[in-house]
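What's in query.pdb: PDB, N, CA and C atoms
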```
ATOM      1  N   MET A   1     -13.109  22.226 -29.102
ATOM      2  CA  MET A   1     -11.688  22.231 -29.371
ATOM      3  C   MET A   1     -11.123  20.825 -29.147
ATOM      4  N   GLU A   2     -10.278  20.383 -30.033
ATOM      5  CA  GLU A   2      -9.676  19.063 -29.912
ATOM      6  C   GLU A   2      -8.410  19.128 -29.078
ATOM      7  N   ASN A   3      -8.186  18.066 -28.311
ATOM      8  CA  ASN A   3      -6.956  17.973 -27.545
ATOM      9  C   ASN A   3      -5.869  17.335 -28.387
ATOM     10  N   VAL A   4      -4.671  17.834 -28.234
ATOM     11  CA  VAL A   4      -3.504  17.257 -28.890
ATOM     12  C   VAL A   4      -2.514  16.916 -27.792
ATOM     13  N   ALA A   5      -2.005  15.705 -27.828
ATOM     14  CA  ALA A   5      -1.075  15.252 -26.806
ATOM     15  C   ALA A   5       0.319  15.111 -27.396
ATOM     16  N   ARG A   6       1.278  15.178 -26.509
ATOM     17  CA  ARG A   6       2.667  14.973 -26.891
ATOM     18  C   ARG A   6       3.258  13.937 -25.944
ATOM     19  N   VAL A   7       4.231  13.207 -26.413
ATOM     20  CA  VAL A   7       4.900  12.198 -25.593
ATOM     21  C   VAL A   7       6.376  12.553 -25.524
ATOM     22  N   THR A   8       6.910  12.519 -24.327
ATOM     23  CA  THR A   8       8.340  12.736 -24.143
ATOM     24  C   THR A   8       8.899  11.560 -23.347
ATOM     25  N   THR A   9      10.133  11.209 -23.612
ATOM     26  CA  THR A   9      10.752  10.051 -22.961
ATOM     27  C   THR A   9      11.738  10.514 -21.899
ATOM     28  N   LEU A  10      11.604   9.933 -20.712
ATOM     29  CA  LEU A  10      12.511  10.221 -19.608
ATOM     30  C   LEU A  10      13.156   8.929 -19.126
ATOM     31  N   THR A  11      14.365   9.045 -18.628
ATOM     32  CA  THR A  11      15.029   7.928 -17.967
ATOM     33  C   THR A  11      15.312   8.347 -16.534
ATOM     34  N   ALA A  12      14.900   7.513 -15.594
ATOM     35  CA  ALA A  12      15.110   7.819 -14.175
ATOM     36  C   ALA A  12      15.772   6.626 -13.504
ATOM     37  N   ALA A  13      16.466   6.905 -12.412
ATOM     38  CA  ALA A  13      17.178   5.853 -11.697
ATOM     39  C   ALA A  13      16.852   5.898 -10.213
ATOM     40  N   SER A  14      16.953   4.742  -9.585
ATOM     41  CA  SER A  14      16.707   4.625  -8.152
ATOM     42  C   SER A  14      17.604   3.540  -7.584
ATOM     43  N   GLU A  15      18.024   3.714  -6.372
ATOM     44  CA  GLU A  15      18.787   2.676  -5.691
ATOM     45  C   GLU A  15      17.861   1.686  -5.000
ATOM     46  N   THR A  16      16.539   1.976  -5.012
ATOM     47  CA  THR A  16      15.566   1.185  -4.260
ATOM     48  C   THR A  16      14.842   0.141  -5.110
ATOM     49  N   SER A  17      14.190   0.612  -6.225
ATOM     50  CA  SER A  17      13.362  -0.304  -7.011
ATOM     51  C   SER A  17      13.011   0.309  -8.363
ATOM     52  N   PHE A  18      12.482  -0.545  -9.252
ATOM     53  CA  PHE A  18      11.977  -0.050 -10.536
ATOM     54  C   PHE A  18      10.791   0.875 -10.297
ATOM     55  N   GLN A  19       9.909   0.497  -9.374
ATOM     56  CA  GLN A  19       8.734   1.318  -9.064
ATOM     57  C   GLN A  19       9.157   2.722  -8.643
ATOM     58  N   ASP A  20      10.169   2.819  -7.809
ATOM     59  CA  ASP A  20      10.653   4.125  -7.360
ATOM     60  C   ASP A  20      11.215   4.931  -8.526
ATOM     61  N   ALA A  21      11.910   4.269  -9.430
ATOM     62  CA  ALA A  21      12.457   4.961 -10.607
ATOM     63  C   ALA A  21      11.327   5.524 -11.468
ATOM     64  N   VAL A  22      10.263   4.749 -11.671
ATOM     65  CA  VAL A  22       9.115   5.218 -12.453
ATOM     66  C   VAL A  22       8.456   6.402 -11.763
ATOM     67  N   GLU A  23       8.250   6.312 -10.457
ATOM     68  CA  GLU A  23       7.632   7.402  -9.706
ATOM     69  C   GLU A  23       8.476   8.674  -9.772
ATOM     70  N   LYS A  24       9.795   8.532  -9.756
ATOM     71  CA  LYS A  24      10.682   9.694  -9.879
ATOM     72  C   LYS A  24      10.537  10.346 -11.255
ATOM     73  N   ALA A  25      10.419   9.533 -12.293
ATOM     74  CA  ALA A  25      10.249  10.076 -13.649
ATOM     75  C   ALA A  25       8.947  10.871 -13.736
ATOM     76  N   ILE A  26       7.860  10.328 -13.209
ATOM     77  CA  ILE A  26       6.566  11.004 -13.260
ATOM     78  C   ILE A  26       6.592  12.279 -12.424
ATOM     79  N   ALA A  27       7.177  12.222 -11.243
ATOM     80  CA  ALA A  27       7.255  13.406 -10.378
ATOM     81  C   ALA A  27       8.066  14.510 -11.037
ATOM     82  N   ARG A  28       9.162  14.150 -11.671
ATOM     83  CA  ARG A  28      10.007  15.150 -12.332
ATOM     84  C   ARG A  28       9.290  15.763 -13.525
ATOM     85  N   ALA A  29       8.626  14.944 -14.308
ATOM     86  CA  ALA A  29       7.886  15.462 -15.457
ATOM     87  C   ALA A  29       6.794  16.419 -14.999
ATOM     88  N   SER A  30       6.130  16.092 -13.916
ATOM     89  CA  SER A  30       5.024  16.919 -13.412
ATOM     90  C   SER A  30       5.486  18.284 -12.920
ATOM     91  N   LYS A  31       6.772  18.421 -12.626
ATOM     92  CA  LYS A  31       7.300  19.721 -12.186
ATOM     93  C   LYS A  31       7.372  20.725 -13.331
ATOM     94  N   THR A  32       7.623  20.242 -14.546
ATOM     95  CA  THR A  32       7.828  21.164 -15.669
ATOM     96  C   THR A  32       6.791  21.030 -16.780
ATOM     97  N   LEU A  33       6.035  19.963 -16.781
ATOM     98  CA  LEU A  33       5.019  19.757 -17.817
ATOM     99  C   LEU A  33       3.637  19.847 -17.198
ATOM    100  N   ARG A  34       2.782  20.690 -17.785
ATOM    101  CA  ARG A  34       1.393  20.763 -17.331
ATOM    102  C   ARG A  34       0.557  19.771 -18.135
ATOM    103  N   GLY A  35      -0.468  19.253 -17.526
ATOM    104  CA  GLY A  35      -1.383  18.383 -18.239
ATOM    105  C   GLY A  35      -0.892  16.962 -18.449
ATOM    106  N   VAL A  36      -0.046  16.462 -17.534
ATOM    107  CA  VAL A  36       0.419  15.072 -17.643
ATOM    108  C   VAL A  36      -0.784  14.152 -17.435
ATOM    109  N   THR A  37      -1.001  13.255 -18.405
ATOM    110  CA  THR A  37      -2.173  12.379 -18.346
ATOM    111  C   THR A  37      -1.833  10.892 -18.315
ATOM    112  N   GLY A  38      -0.583  10.545 -18.581
ATOM    113  CA  GLY A  38      -0.262   9.123 -18.589
ATOM    114  C   GLY A  38       1.225   8.852 -18.639
ATOM    115  N   ALA A  39       1.559   7.593 -18.362
ATOM    116  CA  ALA A  39       2.950   7.153 -18.403
ATOM    117  C   ALA A  39       2.980   5.704 -18.869
ATOM    118  N   GLU A  40       3.962   5.387 -19.695
ATOM    119  CA  GLU A  40       4.153   4.018 -20.152
ATOM    120  C   GLU A  40       5.610   3.642 -19.924
ATOM    121  N   VAL A  41       5.823   2.571 -19.179
ATOM    122  CA  VAL A  41       7.175   2.090 -18.927
ATOM    123  C   VAL A  41       7.631   1.334 -20.172
ATOM    124  N   LYS A  42       8.658   1.850 -20.820
ATOM    125  CA  LYS A  42       9.161   1.261 -22.060
ATOM    126  C   LYS A  42      10.248   0.220 -21.800
ATOM    127  N   GLU A  43      11.109   0.510 -20.819
ATOM    128  CA  GLU A  43      12.221  -0.400 -20.521
ATOM    129  C   GLU A  43      12.535  -0.358 -19.036
ATOM    130  N   GLN A  44      13.040  -1.465 -18.549
ATOM    131  CA  GLN A  44      13.595  -1.524 -17.202
ATOM    132  C   GLN A  44      14.984  -2.134 -17.331
ATOM    133  N   LYS A  45      15.939  -1.475 -16.717
ATOM    134  CA  LYS A  45      17.321  -1.942 -16.771
ATOM    135  C   LYS A  45      17.892  -1.876 -15.364
ATOM    136  N   ALA A  46      18.949  -2.600 -15.138
ATOM    137  CA  ALA A  46      19.595  -2.569 -13.826
ATOM    138  C   ALA A  46      21.105  -2.465 -13.998
ATOM    139  N   LYS A  47      21.713  -1.677 -13.142
ATOM    140  CA  LYS A  47      23.165  -1.597 -13.087
ATOM    141  C   LYS A  47      23.611  -2.644 -12.062
ATOM    142  N   VAL A  48      24.563  -3.457 -12.445
ATOM    143  CA  VAL A  48      25.012  -4.551 -11.580
ATOM    144  C   VAL A  48      26.497  -4.393 -11.283
ATOM    145  N   GLU A  49      26.829  -4.505 -10.021
ATOM    146  CA  GLU A  49      28.232  -4.481  -9.589
ATOM    147  C   GLU A  49      28.446  -5.624  -8.615
ATOM    148  N   ASN A  50      29.485  -6.404  -8.858
ATOM    149  CA  ASN A  50      29.823  -7.538  -7.990
ATOM    150  C   ASN A  50      28.635  -8.472  -7.782
ATOM    151  N   GLY A  51      27.884  -8.711  -8.848
ATOM    152  CA  GLY A  51      26.774  -9.648  -8.783
ATOM    153  C   GLY A  51      25.530  -9.137  -8.077
ATOM    154  N   ARG A  52      25.469  -7.829  -7.764
ATOM    155  CA  ARG A  52      24.314  -7.272  -7.060
ATOM    156  C   ARG A  52      23.789  -6.046  -7.814
ATOM    157  N   ILE A  53      22.488  -5.855  -7.764
ATOM    158  CA  ILE A  53      21.892  -4.673  -8.389
ATOM    159  C   ILE A  53      22.217  -3.461  -7.528
ATOM    160  N   THR A  54      22.820  -2.457  -8.153
ATOM    161  CA  THR A  54      23.159  -1.230  -7.426
ATOM    162  C   THR A  54      22.296  -0.055  -7.858
ATOM    163  N   GLU A  55      21.613  -0.202  -9.000
ATOM    164  CA  GLU A  55      20.750   0.883  -9.476
ATOM    165  C   GLU A  55      19.691   0.310 -10.407
ATOM    166  N   TYR A  56      18.462   0.728 -10.181
ATOM    167  CA  TYR A  56      17.328   0.359 -11.035
ATOM    168  C   TYR A  56      17.063   1.532 -11.964
ATOM    169  N   ARG A  57      16.871   1.243 -13.259
ATOM    170  CA  ARG A  57      16.634   2.307 -14.228
ATOM    171  C   ARG A  57      15.349   2.022 -14.991
ATOM    172  N   ALA A  58      14.568   3.074 -15.213
ATOM    173  CA  ALA A  58      13.324   2.944 -15.966
ATOM    174  C   ALA A  58      13.288   3.990 -17.069
ATOM    175  N   VAL A  59      12.937   3.562 -18.274
ATOM    176  CA  VAL A  59      12.715   4.463 -19.396
ATOM    177  C   VAL A  59      11.197   4.587 -19.515
ATOM    178  N   VAL A  60      10.692   5.828 -19.385
ATOM    179  CA  VAL A  60       9.254   6.056 -19.286
ATOM    180  C   VAL A  60       8.814   7.086 -20.319
ATOM    181  N   ASP A  61       7.759   6.765 -21.077
ATOM    182  CA  ASP A  61       7.131   7.730 -21.973
ATOM    183  C   ASP A  61       6.049   8.461 -21.174
ATOM    184  N   ILE A  62       6.143   9.774 -21.115
ATOM    185  CA  ILE A  62       5.187  10.603 -20.406
ATOM    186  C   ILE A  62       4.293  11.292 -21.434
ATOM    187  N   THR A  63       2.980  11.186 -21.273
ATOM    188  CA  THR A  63       2.027  11.825 -22.177
ATOM    189  C   THR A  63       1.438  13.045 -21.481
ATOM    190  N   PHE A  64       1.394  14.165 -22.225
ATOM    191  CA  PHE A  64       0.789  15.381 -21.675
ATOM    192  C   PHE A  64       0.031  16.108 -22.777
ATOM    193  N   ILE A  65      -0.989  16.860 -22.379
ATOM    194  CA  ILE A  65      -1.844  17.580 -23.308
ATOM    195  C   ILE A  65      -1.230  18.950 -23.613
ATOM    196  N   LEU A  66      -1.151  19.285 -24.891
ATOM    197  CA  LEU A  66      -0.646  20.599 -25.289
ATOM    198  C   LEU A  66      -1.724  21.659 -25.086
ATOM    199  N   GLU A  67      -1.315  22.780 -24.569
ATOM    200  CA  GLU A  67      -2.250  23.893 -24.343
ATOM    201  C   GLU A  67      -2.325  24.758 -25.590
ATOM    202  N   GLY A  68      -3.404  25.498 -25.661
ATOM    203  CA  GLY A  68      -3.426  26.515 -26.679
ATOM    204  C   GLY A  68      -4.469  26.356 -27.695
TER     205      GLY A  68
END
```

Now, as a test, write the supplied structure out as structure tokens.
Amino acid sequence: MENVARVTTLTAASETSFQDAVEKAIARASKTLRGVTGAEVKEQKAKVENGRITEYRAVVDITFILEG
């Protein structure tokens, strides 16, 4: 049987770091998607207020294997 994968895009935010935002995206995807096999960081953005970063944002493509 051949495997077929699907990719879904998530955006996650963290007040700590880009790494934390990526980890949050993967953790959240793993709660509802079975067969998560990979992640690709597509974008990193930051919210800035008064010259300081207040939020790190990561756009992440999550790859998972379709069952069936």

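Excluding Lys45 in chain A itself and same-chain residues fewer than 2 positions from it, the residues having an atom within 9 Å of it are A:Phe18, A:Glu43, A:Lys47, A:Glu55, A:Tyr56, A:Arg57, A:Ala58, A:Val59, counting only C-alpha atoms.
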
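What separates atom N of Lys31 in chain A from atom N of Thr11 in chain A is a distance of 13.5 Å.
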
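When the PyMOL selection byres ((chain A and resi 8) around 6.5) is run on the displayed coordinates, the residues it returns are Arg6, Val7, Thr9, Leu10, Val60, Asp61, Ile62, Thr63 and Phe64 of chain A.
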
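Shortest atom-to-atom contact with Gly38 in chain A among A:Ala12, A:Asn3, A:Ile26, A:Arg52: A:Ile26, counting all atoms listed in the file.
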
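One distance worth recording is that between CA of Glu15 in chain A and CA of Thr54 in chain A, which is 6.1 Å.
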
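Taking atom C of Ala5 in chain A and CA of Ala21 in chain A as endpoints, the distance between them is 23.1 Å.
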
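With distances taken over all atoms listed in the file, A:Val36 is the one residue among A:Val36, A:Ala27, A:Ile53, A:Val41 lying closest to Ile65 in chain A.
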
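Nearest residue to Ala39 in chain A among A:Gly51, A:Leu66, A:Val22, A:Ser17 is A:Val22, counting only C-alpha atoms.
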
Give me every strand (DSSP E or B) residue in chain A, going by DSSP on the backbone, as a PyMOL selection string. chain A and resi 5-14+36-49+52-65

Name the residues of chain A that fall into alpha helix (DSSP H) according to DSSP on the backbone, using the chain letters and numbers of this document, as JSON, numbers by chain. {"A": [18, 19, 20, 21, 22, 23, 24, 25, 26, 27, 28, 29, 30, 31, 32]}
